[in-house]
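Heads up, protein_23.tsv below (TSV, C-alpha atoms and all ligand atoms):
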```tsv
chain	number	residue	atom	x	y	z
D	1	MET	CA	-22.10	-25.06	13.47
D	2	ASN	CA	-24.31	-22.87	11.25
D	3	THR	CA	-27.05	-24.55	9.24
D	4	ILE	CA	-27.44	-24.06	5.49
D	5	PHE	CA	-30.66	-25.06	3.77
D	6	LEU	CA	-29.70	-25.82	0.16
D	7	THR	CA	-32.08	-26.03	-2.79
D	8	GLY	CA	-30.83	-27.60	-6.04
D	9	SER	CA	-28.63	-30.05	-4.13
D	10	SER	CA	-28.62	-32.63	-6.95
D	11	GLY	CA	-27.42	-30.15	-9.59
D	12	PHE	CA	-23.97	-29.15	-10.82
D	13	PHE	CA	-23.55	-26.36	-8.28
D	14	GLY	CA	-25.40	-28.23	-5.54
D	15	THR	CA	-23.22	-31.35	-5.57
D	16	ASN	CA	-20.03	-29.27	-5.58
D	17	ILE	CA	-21.05	-26.89	-2.79
D	18	GLN	CA	-21.97	-29.81	-0.53
D	19	GLN	CA	-18.52	-31.36	-1.01
D	20	ALA	CA	-16.77	-28.05	-0.41
D	21	LEU	CA	-18.66	-27.12	2.78
D	22	HIS	CA	-18.91	-30.62	4.25
D	23	GLY	CA	-17.92	-30.59	7.93
D	24	ARG	CA	-17.91	-26.77	8.17
D	25	TYR	CA	-21.68	-26.22	8.06
D	26	HIS	CA	-24.67	-28.39	8.78
D	27	ILE	CA	-26.19	-28.69	5.30
D	28	ILE	CA	-29.80	-29.66	4.68
D	29	PRO	CA	-30.00	-30.63	0.99
D	30	SER	CA	-33.15	-30.52	-1.13
D	31	HIS	CA	-34.06	-31.02	-4.77
D	32	SER	CA	-37.20	-31.58	-6.81
D	33	ASN	CA	-37.84	-35.12	-5.49
D	34	THR	CA	-37.59	-34.08	-1.85
D	35	LEU	CA	-39.01	-30.54	-1.96
D	36	ASP	CA	-40.78	-29.14	-5.01
D	37	ILE	CA	-40.20	-25.38	-4.77
D	38	THR	CA	-43.42	-24.71	-6.67
D	39	ASP	CA	-45.31	-25.99	-3.58
D	40	ALA	CA	-45.56	-22.87	-1.37
D	41	ASP	CA	-46.75	-24.65	1.79
D	42	ALA	CA	-44.09	-27.35	1.56
D	43	VAL	CA	-41.33	-24.75	1.10
D	44	SER	CA	-42.58	-22.65	4.00
D	45	LYS	CA	-42.81	-25.70	6.29
D	46	ALA	CA	-39.37	-27.07	5.30
D	47	ILE	CA	-37.55	-23.76	5.87
D	48	ARG	CA	-39.44	-22.97	9.09
D	49	GLU	CA	-38.60	-26.42	10.51
D	50	ALA	CA	-34.95	-26.25	9.43
D	51	ASN	CA	-34.62	-22.71	10.86
D	52	PRO	CA	-31.28	-22.27	9.06
D	53	THR	CA	-28.83	-19.37	9.27
D	54	TYR	CA	-28.53	-19.37	5.48
D	55	VAL	CA	-30.59	-20.57	2.55
D	56	ILE	CA	-28.64	-21.08	-0.67
D	57	HIS	CA	-31.23	-21.13	-3.42
D	58	ALA	CA	-29.73	-22.95	-6.42
D	59	SER	CA	-32.82	-24.74	-7.76
D	60	ALA	CA	-33.76	-23.56	-11.23
D	61	ILE	CA	-34.28	-24.53	-14.81
D	62	ALA	CA	-30.79	-23.44	-15.83
D	63	SER	CA	-30.96	-24.22	-19.55
D	64	SER	CA	-31.67	-21.20	-21.78
D	65	GLN	CA	-32.92	-23.43	-24.59
D	66	TYR	CA	-35.28	-25.38	-22.31
D	67	CYS	CA	-36.66	-22.14	-20.86
D	68	ASN	CA	-37.33	-20.73	-24.34
D	69	ASP	CA	-39.11	-23.97	-25.29
D	70	HIS	CA	-41.07	-24.19	-21.98
D	71	PRO	CA	-41.66	-20.58	-20.85
D	72	ASP	CA	-44.51	-21.40	-18.43
D	73	GLU	CA	-42.52	-24.10	-16.62
D	74	CYS	CA	-39.50	-21.78	-16.57
D	75	HIS	CA	-41.59	-19.02	-14.94
D	76	ARG	CA	-43.19	-21.42	-12.46
D	77	ILE	CA	-39.88	-22.81	-11.20
D	78	ASN	CA	-37.50	-19.87	-11.63
D	79	VAL	CA	-39.83	-17.06	-10.54
D	80	VAL	CA	-42.75	-18.53	-8.56
D	81	GLY	CA	-40.52	-21.15	-6.90
D	82	THR	CA	-38.05	-18.44	-5.91
D	83	GLU	CA	-40.93	-16.35	-4.56
D	84	HIS	CA	-41.84	-19.22	-2.22
D	85	VAL	CA	-38.24	-19.59	-1.02
D	86	ALA	CA	-37.79	-15.82	-0.55
D	87	ARG	CA	-41.08	-15.43	1.35
D	88	ALA	CA	-40.15	-18.29	3.69
D	89	CYS	CA	-36.72	-16.73	4.28
D	90	GLY	CA	-38.27	-13.32	4.95
D	91	GLU	CA	-40.71	-14.85	7.46
D	92	THR	CA	-38.09	-17.02	9.17
D	93	GLY	CA	-35.44	-14.28	9.24
D	94	CYS	CA	-32.68	-16.31	7.58
D	95	LYS	CA	-30.20	-14.97	5.06
D	96	LEU	CA	-30.94	-15.86	1.44
D	97	ILE	CA	-28.17	-16.36	-1.13
D	98	PHE	CA	-29.75	-16.44	-4.57
D	99	LEU	CA	-27.84	-17.66	-7.62
D	100	SER	CA	-28.56	-15.48	-10.63
D	101	THR	CA	-26.76	-15.20	-13.93
D	102	GLU	CA	-24.86	-13.04	-16.44
D	103	GLN	CA	-27.72	-13.89	-18.83
D	104	VAL	CA	-29.74	-10.99	-17.39
D	105	PHE	CA	-27.60	-8.83	-19.71
D	106	ASN	CA	-28.02	-10.88	-22.88
D	107	GLY	CA	-30.35	-8.34	-24.51
D	108	ASN	CA	-28.33	-5.23	-23.64
D	109	THR	CA	-27.07	-3.41	-26.70
D	110	SER	CA	-24.04	-1.81	-25.05
D	111	ASN	CA	-20.98	-3.98	-24.53
D	112	GLY	CA	-19.79	-5.59	-21.30
D	113	PRO	CA	-18.18	-5.83	-18.88
D	114	TYR	CA	-21.32	-4.79	-17.01
D	115	ASP	CA	-21.21	-3.57	-13.44
D	116	GLU	CA	-24.04	-3.76	-10.89
D	117	GLU	CA	-25.19	-0.21	-11.70
D	118	GLN	CA	-26.12	-1.12	-15.26
D	119	THR	CA	-29.76	-1.96	-15.97
D	120	PRO	CA	-30.14	-5.52	-17.27
D	121	GLU	CA	-32.23	-6.09	-20.38
D	122	PRO	CA	-32.56	-9.85	-20.77
D	123	ALA	CA	-33.63	-11.18	-24.15
D	124	GLY	CA	-34.52	-14.84	-23.53
D	125	GLU	CA	-36.93	-16.54	-21.13
D	126	TYR	CA	-34.14	-17.77	-18.83
D	127	GLY	CA	-32.57	-14.33	-18.33
D	128	LYS	CA	-36.00	-12.71	-17.96
D	129	SER	CA	-37.05	-15.25	-15.34
D	130	LYS	CA	-33.85	-14.82	-13.34
D	131	LEU	CA	-34.17	-11.01	-13.36
D	132	LEU	CA	-37.78	-11.26	-12.18
D	133	ALA	CA	-36.63	-13.69	-9.50
D	134	GLU	CA	-33.97	-11.21	-8.35
D	135	GLN	CA	-36.70	-8.58	-7.91
D	136	VAL	CA	-38.86	-11.02	-5.98
D	137	VAL	CA	-35.92	-11.91	-3.69
D	138	ALA	CA	-35.12	-8.25	-3.00
D	139	GLY	CA	-38.79	-7.51	-2.31
D	140	LEU	CA	-39.53	-10.39	0.06
D	141	CYS	CA	-36.34	-11.01	2.00
D	142	ARG	CA	-34.43	-8.10	3.52
D	143	ASP	CA	-31.28	-10.15	4.22
D	144	HIS	CA	-30.49	-11.26	0.67
D	145	VAL	CA	-27.36	-11.67	-1.43
D	146	ILE	CA	-27.84	-12.00	-5.17
D	147	LEU	CA	-24.85	-13.51	-6.97
D	148	ARG	CA	-24.91	-13.02	-10.74
D	149	LEU	CA	-22.64	-15.83	-11.88
D	150	THR	CA	-20.63	-16.19	-15.06
D	151	TRP	CA	-20.64	-19.53	-16.93
D	152	LEU	CA	-19.41	-22.37	-14.69
D	153	PHE	CA	-17.05	-25.18	-15.72
D	154	ASP	CA	-15.27	-28.22	-14.38
D	155	TYR	CA	-13.29	-31.11	-15.79
D	156	PRO	CA	-15.11	-34.43	-16.44
D	157	LYS	CA	-16.16	-36.39	-13.36
D	158	PRO	CA	-17.91	-39.77	-13.36
D	159	HIS	CA	-21.04	-38.50	-11.58
D	160	TYR	CA	-21.71	-35.64	-14.02
D	161	SER	CA	-24.62	-36.12	-16.37
D	162	LYS	CA	-23.76	-36.62	-20.05
D	163	GLY	CA	-25.36	-33.42	-21.27
D	164	LEU	CA	-23.49	-31.12	-18.88
D	165	ASN	CA	-22.79	-28.02	-20.95
D	166	ASN	CA	-19.55	-26.30	-20.01
D	167	ILE	CA	-16.59	-24.95	-21.93
D	168	LEU	CA	-13.95	-27.41	-20.70
D	169	ILE	CA	-16.01	-30.59	-21.03
D	170	ASN	CA	-17.42	-29.42	-24.39
D	171	THR	CA	-13.88	-28.83	-25.72
D	172	ILE	CA	-12.62	-32.20	-24.48
D	173	GLU	CA	-15.60	-33.92	-26.16
D	174	SER	CA	-15.04	-32.01	-29.44
D	175	MET	CA	-11.36	-32.99	-29.48
D	176	LYS	CA	-12.25	-36.66	-28.90
D	177	ARG	CA	-14.48	-36.67	-32.00
D	178	GLU	CA	-11.45	-35.71	-34.16
D	179	LYS	CA	-13.70	-33.78	-36.56
D	180	PRO	CA	-13.62	-30.04	-37.35
D	181	PHE	CA	-15.73	-27.97	-34.98
D	182	ARG	CA	-16.81	-24.34	-35.15
D	183	VAL	CA	-16.60	-21.93	-32.22
D	184	PRO	CA	-17.85	-18.33	-32.33
D	185	ALA	CA	-15.21	-15.63	-32.32
D	186	ASN	CA	-17.56	-12.80	-31.48
D	187	GLU	CA	-18.80	-14.00	-28.11
D	188	PHE	CA	-17.36	-12.71	-24.83
D	189	ARG	CA	-18.19	-14.03	-21.38
D	190	GLY	CA	-16.51	-14.87	-18.11
D	191	MET	CA	-16.05	-18.53	-17.24
D	192	THR	CA	-15.58	-19.67	-13.65
D	193	TRP	CA	-14.20	-22.93	-12.29
D	194	ILE	CA	-16.82	-24.35	-9.93
D	195	LYS	CA	-14.04	-25.21	-7.44
D	196	ASP	CA	-13.09	-21.51	-7.18
D	197	LEU	CA	-16.73	-20.50	-6.66
D	198	VAL	CA	-17.56	-23.05	-3.96
D	199	GLY	CA	-14.18	-22.44	-2.28
D	200	LEU	CA	-15.04	-18.75	-1.84
D	201	PHE	CA	-18.55	-19.44	-0.53
D	202	PRO	CA	-17.76	-19.02	3.20
D	203	LYS	CA	-16.79	-15.41	2.31
D	204	LEU	CA	-19.74	-14.93	-0.07
D	205	LEU	CA	-22.12	-15.95	2.74
D	206	GLN	CA	-20.85	-12.98	4.79
D	207	LEU	CA	-21.62	-10.30	2.18
D	208	GLU	CA	-23.94	-7.47	3.08
D	209	PRO	CA	-27.30	-7.43	1.27
D	210	GLY	CA	-27.10	-6.56	-2.42
D	211	VAL	CA	-26.30	-7.71	-5.94
D	212	TYR	CA	-22.79	-8.91	-6.77
D	213	HIS	CA	-21.23	-9.81	-10.11
D	214	THR	CA	-19.43	-13.03	-9.32
D	215	GLY	CA	-16.77	-15.14	-10.98
D	216	SER	CA	-13.72	-15.07	-13.20
D	217	GLU	CA	-13.20	-12.35	-15.76
D	218	ASN	CA	-12.13	-13.35	-19.25
D	219	PRO	CA	-10.67	-11.00	-21.88
D	220	LEU	CA	-10.62	-13.76	-24.53
D	221	ASP	CA	-13.44	-14.42	-26.98
D	222	ARG	CA	-14.95	-17.89	-27.00
D	223	HIS	CA	-12.85	-19.16	-29.91
D	224	ASP	CA	-9.60	-18.02	-28.28
D	225	THR	CA	-10.71	-19.51	-24.95
D	226	VAL	CA	-11.21	-22.89	-26.64
D	227	ARG	CA	-7.84	-22.57	-28.38
D	228	PHE	CA	-6.24	-21.82	-25.00
D	229	ILE	CA	-7.88	-24.95	-23.54
D	230	MET	CA	-6.65	-27.09	-26.43
D	231	GLU	CA	-3.11	-25.80	-25.99
D	232	GLU	CA	-3.27	-26.45	-22.23
D	233	LEU	CA	-4.44	-29.98	-23.03
D	234	GLY	CA	-1.36	-30.40	-25.22
D	235	ALA	CA	-3.08	-30.36	-28.63
D	236	ASN	CA	-0.63	-30.58	-31.53
D	237	ASP	CA	-0.92	-28.57	-34.78
D	238	THR	CA	-3.13	-31.21	-36.43
D	239	ALA	CA	-5.55	-31.14	-33.51
D	240	LEU	CA	-5.53	-27.34	-33.39
D	241	GLN	CA	-6.53	-27.23	-37.06
D	242	LEU	CA	-9.84	-28.92	-36.15
D	243	LEU	CA	-10.86	-25.72	-34.37
D	244	VAL	CA	-12.65	-23.52	-36.92
D	245	LYS	CA	-13.18	-19.84	-36.17
D	246	ASP	CA	-16.88	-19.03	-36.64
D	247	THR	CA	-17.23	-15.35	-37.50
D	248	THR	CA	-20.88	-15.47	-38.60
D	249	THR	CA	-22.76	-16.53	-35.44
D	250	TYR	CA	-24.08	-13.44	-33.64
D	251	GLY	CA	-23.63	-11.50	-36.90
D	252	SER	CA	-21.48	-8.42	-36.92
D	253	ARG	CA	-22.43	-7.49	-33.33
D	254	ALA	CA	-20.48	-9.25	-30.62
D	255	ARG	CA	-22.39	-11.11	-27.94
D	256	ASP	CA	-20.73	-9.57	-24.93
D	257	ILE	CA	-22.16	-10.53	-21.53
D	258	ARG	CA	-18.99	-10.12	-19.48
D	259	LEU	CA	-19.38	-9.05	-15.86
D	260	ASP	CA	-17.25	-6.48	-14.07
D	261	THR	CA	-16.48	-8.03	-10.68
D	262	SER	CA	-14.72	-5.06	-9.06
D	263	LYS	CA	-17.46	-4.59	-6.44
D	264	LEU	CA	-16.73	-8.07	-5.09
D	265	ARG	CA	-12.98	-7.38	-5.10
D	266	GLN	CA	-13.65	-4.39	-2.83
D	267	PHE	CA	-14.96	-6.92	-0.31
D	268	GLY	CA	-11.71	-8.91	-0.62
D	269	ILE	CA	-13.28	-11.66	-2.75
D	270	VAL	CA	-11.02	-12.27	-5.73
D	271	PHE	CA	-11.38	-14.90	-8.45
D	272	PRO	CA	-8.48	-15.91	-10.72
D	273	SER	CA	-8.86	-15.02	-14.40
D	274	THR	CA	-10.57	-17.61	-16.60
D	275	GLU	CA	-7.18	-18.49	-18.15
D	276	GLU	CA	-5.60	-19.04	-14.70
D	277	ALA	CA	-8.60	-21.08	-13.58
D	278	LEU	CA	-8.54	-23.26	-16.70
D	279	HIS	CA	-4.79	-23.82	-16.30
D	280	THR	CA	-5.24	-24.97	-12.68
D	281	ALA	CA	-8.30	-27.10	-13.43
D	282	ILE	CA	-6.57	-28.91	-16.31
D	283	LYS	CA	-3.47	-29.48	-14.15
D	284	GLU	CA	-5.67	-30.97	-11.40
D	285	TRP	CA	-7.54	-33.12	-13.96
D	286	ARG	CA	-4.17	-34.60	-15.07
D	287	THR	CA	-3.36	-35.65	-11.49
D	288	THR	CA	-6.71	-37.41	-11.07
D	289	ARG	CA	-6.50	-39.52	-14.26
D	301	LIG	N1	-24.22	-23.78	-14.37
D	301	LIG	C1	-23.92	-22.53	-14.75
D	301	LIG	O1	-23.04	-22.30	-15.60
D	301	LIG	C2	-24.66	-21.37	-14.12
D	301	LIG	C3	-24.28	-20.08	-14.48
D	301	LIG	C4	-24.96	-18.99	-13.93
D	301	LIG	C5	-25.98	-19.21	-13.00
D	301	LIG	N2	-26.34	-20.46	-12.67
D	301	LIG	C6	-27.41	-20.65	-11.68
D	301	LIG	O2	-26.91	-21.48	-10.64
D	301	LIG	C7	-27.93	-22.30	-10.13
D	301	LIG	C8	-27.49	-23.76	-10.15
D	301	LIG	O3	-27.25	-24.14	-11.51
D	301	LIG	P1	-26.83	-25.63	-11.88
D	301	LIG	O4	-25.95	-25.54	-13.06
D	301	LIG	O5	-26.36	-26.35	-10.66
D	301	LIG	O6	-28.23	-26.21	-12.36
D	301	LIG	P2	-28.64	-27.75	-12.56
D	301	LIG	O7	-27.44	-28.61	-12.56
D	301	LIG	O8	-29.54	-27.79	-13.75
D	301	LIG	O9	-29.48	-28.10	-11.25
D	301	LIG	C9	-30.76	-27.60	-11.08
D	301	LIG	C10	-31.28	-28.03	-9.74
D	301	LIG	O10	-32.61	-27.47	-9.60
D	301	LIG	C11	-33.45	-28.49	-9.08
D	301	LIG	N3	-34.85	-28.25	-9.45
D	301	LIG	C12	-35.39	-28.13	-10.68
D	301	LIG	N4	-36.74	-27.99	-10.59
D	301	LIG	C13	-37.04	-28.00	-9.26
D	301	LIG	C14	-38.23	-27.91	-8.52
D	301	LIG	N5	-39.44	-27.76	-9.11
D	301	LIG	N6	-38.17	-27.97	-7.17
D	301	LIG	C15	-37.00	-28.12	-6.55
D	301	LIG	N7	-35.82	-28.22	-7.18
D	301	LIG	C16	-35.84	-28.17	-8.54
D	301	LIG	C17	-32.92	-29.77	-9.69
D	301	LIG	O11	-33.40	-30.87	-8.93
D	301	LIG	P3	-33.66	-32.33	-9.63
D	301	LIG	O12	-32.31	-32.85	-9.99
D	301	LIG	O13	-34.32	-33.12	-8.58
D	301	LIG	O14	-34.51	-32.04	-10.84
D	301	LIG	C18	-31.42	-29.54	-9.55
D	301	LIG	O15	-31.00	-29.89	-8.25
D	301	LIG	C19	-29.18	-22.02	-10.96
D	301	LIG	O16	-29.98	-21.10	-10.27
D	301	LIG	C20	-28.64	-21.37	-12.23
D	301	LIG	O17	-29.57	-20.46	-12.77
D	301	LIG	C21	-25.70	-21.56	-13.20
```
Using structure tokens, write down the structure from this file.
Ligand SMILES: NC(=O)c1ccc[n+]([C@@H]2O[C@H](COP(=O)([O-])OP(=O)(O)OC[C@H]3O[C@@H](n4cnc5c(N)ncnc54)[C@H](OP(=O)(O)O)[C@@H]3O)[C@@H](O)[C@H]2O)c1
Amino acid sequence: MNTIFLTGSSGFFGTNIQQALHGRYHIIPSHSNTLDITDADAVSKAIREANPTYVIHASAIASSQYCNDHPDECHRINVVGTEHVARACGETGCKLIFLSTEQVFNGNTSNGPYDEEQTPEPAGEYGKSKLLAEQVVAGLCRDHVILRLTWLFDYPKPHYSKGLNNILINTIESMKREKPFRVPANEFRGMTWIKDLVGLFPKLLQLEPGVYHTGSENPLDRHDTVRFIMEELGANDTALQLLVKDTTTYGSRARDIRLDTSKLRQFGIVFPSTEEALHTAIKEWRTTR
């Protein structure tokens, strides 16, 4: 059985990937309490001793707002921490799968969907740190796969932290409040069900070195995505009227950070559309309640 050394094991992605790969790989989990990735010696020792086939590096400060408010901490964990992981992988000769983000394109002035050939121009600290981290990974570890992910979602689960920010849980919470809520119409991004992502991971681990745009594509704007969710949840006309179309956020220019995932499809890795994924996730949520 191949060994995977996993950073970020306590996070949203980390908990889901462990469940999905349980029994198929020997997984060595780690998070900030067990291995602080800003400690170069500790990272080097842990990866050398584990001698894994793969390292999935999911540890990060993944909140854009927190990164903007704490740029030094964001750099230390997202860039310097990744440097430590990538150097250890390069020295040990294991394959590194690094989780990056669509946010590397959030300062580009052209519109998405962006393919891997397009040069990212991140605007915020989070996107900047993840792009720098990508460069560090590519420079230090020959056998690397960089997955630029779209926004992840799941339905509510008891072990998720209260502040988990994703489109399905946010919409469910807004509907529960029974008060009008505004959602931007001029924002476009892919949204991926975590179950689809972790389910495809055995194939993603096999990719040849490079950058891959990864996840579900979504032609709908954010407002229409939320409306779709509400309809799938069975919202009646009164409930639907609570959803207010916000046409002012992002001004006249759309925020469009969609990713073109055709490169991944060429490798036979195909995600459902965001609408299909939401439909299936909501159906599964119904059966678990
Ligand atoms: N969620 C999304 O929608 C999304 C979209 C695109 C890309 N991504 C990327 O996917 C990856 C996983 O995201 P996520 O949503 O699972 O994030 P998350 O839930 O916030 O989890 C972050 C993980 O990083 C760990 N961590 C933080 N500081 C650390 C440190 N100094 N040393 C070691 N571990 C540390 C945390 O450990 P503790 O719990 O111990 O603090 C936690 O396990 C990230 O790289 C993120 O950039 C996520």
Excluding Ser59 (chain D) and any residue of its chain fewer than 3 positions from it, enumerate the residues within 10 Å of it, using all atoms listed in the file, and give them as a count of residues only. 21
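Nearest to ligand LIG 301 (chain D) of all the residues D:Leu21, D:Ile282, D:Leu132, D:Ala58 is D:Ala58, counting only C-alpha atoms and all ligand atoms.
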List the neighbours of Lys203 (chain D) out to 10 Å using all atoms listed in the file; skip same-chain residues closer than 5 positions along the sequence, and give me the result as a compact mmCIF listing (two decimals) with C-alpha atoms, in the coordinates of the input.
```txt
# COMPACT_ATOMS: atom_id res chain seq x y z
CA VAL D 198 -17.56 -23.05 -3.96
CA PHE D 267 -14.96 -6.92 -0.31
CA GLY D 268 -11.71 -8.91 -0.62
CA ILE D 269 -13.28 -11.66 -2.75
```
Name the residues in contact with region 147-163 of chain D at a cut-off of 7 Å, using all atoms listed in the file, excluding same-chain residues fewer than 6 positions from it; report them as a PDB file with C-alpha atoms, in the coordinates of the input.
```pdb
ATOM      1  CA  PHE D  98     -29.750 -16.440  -4.570  1.00  0.00           C
ATOM      2  CA  LEU D  99     -27.840 -17.660  -7.620  1.00  0.00           C
ATOM      3  CA  SER D 100     -28.560 -15.480 -10.630  1.00  0.00           C
ATOM      4  CA  THR D 101     -26.760 -15.200 -13.930  1.00  0.00           C
ATOM      5  CA  GLU D 102     -24.860 -13.040 -16.440  1.00  0.00           C
ATOM      6  CA  ILE D 169     -16.010 -30.590 -21.030  1.00  0.00           C
ATOM      7  CA  GLY D 190     -16.510 -14.870 -18.110  1.00  0.00           C
ATOM      8  CA  MET D 191     -16.050 -18.530 -17.240  1.00  0.00           C
ATOM      9  CA  THR D 192     -15.580 -19.670 -13.650  1.00  0.00           C
ATOM     10  CA  TRP D 193     -14.200 -22.930 -12.290  1.00  0.00           C
ATOM     11  CA  ILE D 194     -16.820 -24.350  -9.930  1.00  0.00           C
ATOM     12  CA  VAL D 211     -26.300  -7.710  -5.940  1.00  0.00           C
ATOM     13  CA  TYR D 212     -22.790  -8.910  -6.770  1.00  0.00           C
ATOM     14  CA  HIS D 213     -21.230  -9.810 -10.110  1.00  0.00           C
ATOM     15  CA  THR D 214     -19.430 -13.030  -9.320  1.00  0.00           C
ATOM     16  CA  GLY D 215     -16.770 -15.140 -10.980  1.00  0.00           C
ATOM     17  CA  ALA D 281      -8.300 -27.100 -13.430  1.00  0.00           C
ATOM     18  CA  TRP D 285      -7.540 -33.120 -13.960  1.00  0.00           C
TER      19      TRP D 285
END
```
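In this comparison, which uses only C-alpha atoms and all ligand atoms, the residue of D:Lys130, D:Lys263, D:Arg48, D:Arg177 approaching ligand LIG 301 (chain D) most closely is D:Lys130.
Remark: for Arg227 (chain D), the closest of the candidate residues D:Asn16, D:Gln103, D:Thr109, D:Gln241 is D:Gln241 (distances computed over only C-alpha atoms).
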Would you mind telling me which residue in D:Asn165, D:Thr3, D:Gln118, D:Ser110 lies nearest to ligand LIG 301 (chain D) when using all atoms listed in the file? D:Asn165
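Here atom C6 of ligand LIG 301 (chain D) and CA of Cys94 (chain D) stand 20.4 Å from one another.
Nearest to ligand LIG 301 (chain D) of all the residues D:His223, D:Lys45, D:His57, D:Arg24 is D:His57, counting only C-alpha atoms and all ligand atoms.
For the atom pair formed by atom C4 of ligand LIG 301 (chain D) and CA of Leu140 (chain D), the distance is 22.0 Å, given to one decimal.
Compared by their closest atoms to Asp260 (chain D), and using only C-alpha atoms, the residues D:Lys128, D:Lys176, D:His144, D:Arg189 rank with D:Arg189 nearest.
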re CA of Val145 (chain D) and CA of Gly210 (chain D): distance 5.2 Å
Dig up all the protein and nucleic acid residues within 10 Å of (-16.1, -19.0, -28.6) in the file frame, using all atoms listed in the file, and format them as a ChimeraX atom specification. /D:167,182-189,220-227,245-247,249
List the spatial neighbours of Thr119 (chain D) as a VMD selection string - criterion: any atom at most 9 Å away, all atoms listed in the file, same-chain residues fewer than 3 positions off excluded. chain D and resid 105 108 114 116
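Near Gly139 (chain D), within 10 Å and counting all atoms listed in the file, sit D:Glu83, D:Ala86, D:Arg87, D:Gly90, D:Ala133, D:Glu134, D:Gln135, D:His144, not including residues fewer than 4 positions from it in the same chain.
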With only C-alpha atoms counted, which protein, DNA or RNA residues have an atom no more than 10 Å from (-40.1, -22.4, -18.3) in the file frame? Please answer as a ChimeraX atom specification. /D:60-79,125-126,129
Write out N, CA and C atoms for region 133-147 of chain D, as a tab-separated table (two decimals), in the frame of the given file.
```tsv
chain	number	residue	atom	x	y	z
D	133	ALA	N	-36.89	-13.01	-10.78
D	133	ALA	CA	-36.63	-13.69	-9.50
D	133	ALA	C	-35.78	-12.82	-8.58
D	134	GLU	N	-34.80	-12.13	-9.16
D	134	GLU	CA	-33.97	-11.21	-8.35
D	134	GLU	C	-34.87	-10.17	-7.68
D	135	GLN	N	-35.82	-9.64	-8.45
D	135	GLN	CA	-36.70	-8.58	-7.91
D	135	GLN	C	-37.58	-9.13	-6.79
D	136	VAL	N	-38.03	-10.36	-6.99
D	136	VAL	CA	-38.86	-11.02	-5.98
D	136	VAL	C	-38.04	-11.22	-4.69
D	137	VAL	N	-36.80	-11.68	-4.85
D	137	VAL	CA	-35.92	-11.91	-3.69
D	137	VAL	C	-35.73	-10.61	-2.92
D	138	ALA	N	-35.39	-9.54	-3.66
D	138	ALA	CA	-35.12	-8.25	-3.00
D	138	ALA	C	-36.38	-7.72	-2.30
D	139	GLY	N	-37.55	-8.03	-2.87
D	139	GLY	CA	-38.79	-7.51	-2.31
D	139	GLY	C	-39.27	-8.28	-1.09
D	140	LEU	N	-38.94	-9.56	-1.01
D	140	LEU	CA	-39.53	-10.39	0.06
D	140	LEU	C	-38.58	-10.73	1.20
D	141	CYS	N	-37.29	-10.60	0.96
D	141	CYS	CA	-36.34	-11.01	2.00
D	141	CYS	C	-35.28	-9.92	2.16
D	142	ARG	N	-35.34	-9.23	3.31
D	142	ARG	CA	-34.43	-8.10	3.52
D	142	ARG	C	-32.97	-8.55	3.47
D	143	ASP	N	-32.66	-9.68	4.12
D	143	ASP	CA	-31.28	-10.15	4.22
D	143	ASP	C	-30.97	-11.07	3.02
D	144	HIS	N	-30.70	-10.45	1.89
D	144	HIS	CA	-30.49	-11.26	0.67
D	144	HIS	C	-29.17	-10.88	0.00
D	145	VAL	N	-28.55	-11.89	-0.61
D	145	VAL	CA	-27.36	-11.67	-1.43
D	145	VAL	C	-27.65	-12.30	-2.79
D	146	ILE	N	-27.58	-11.49	-3.82
D	146	ILE	CA	-27.84	-12.00	-5.17
D	146	ILE	C	-26.50	-12.08	-5.89
D	147	LEU	N	-26.12	-13.30	-6.27
D	147	LEU	CA	-24.85	-13.51	-6.97
D	147	LEU	C	-25.15	-13.75	-8.45
```
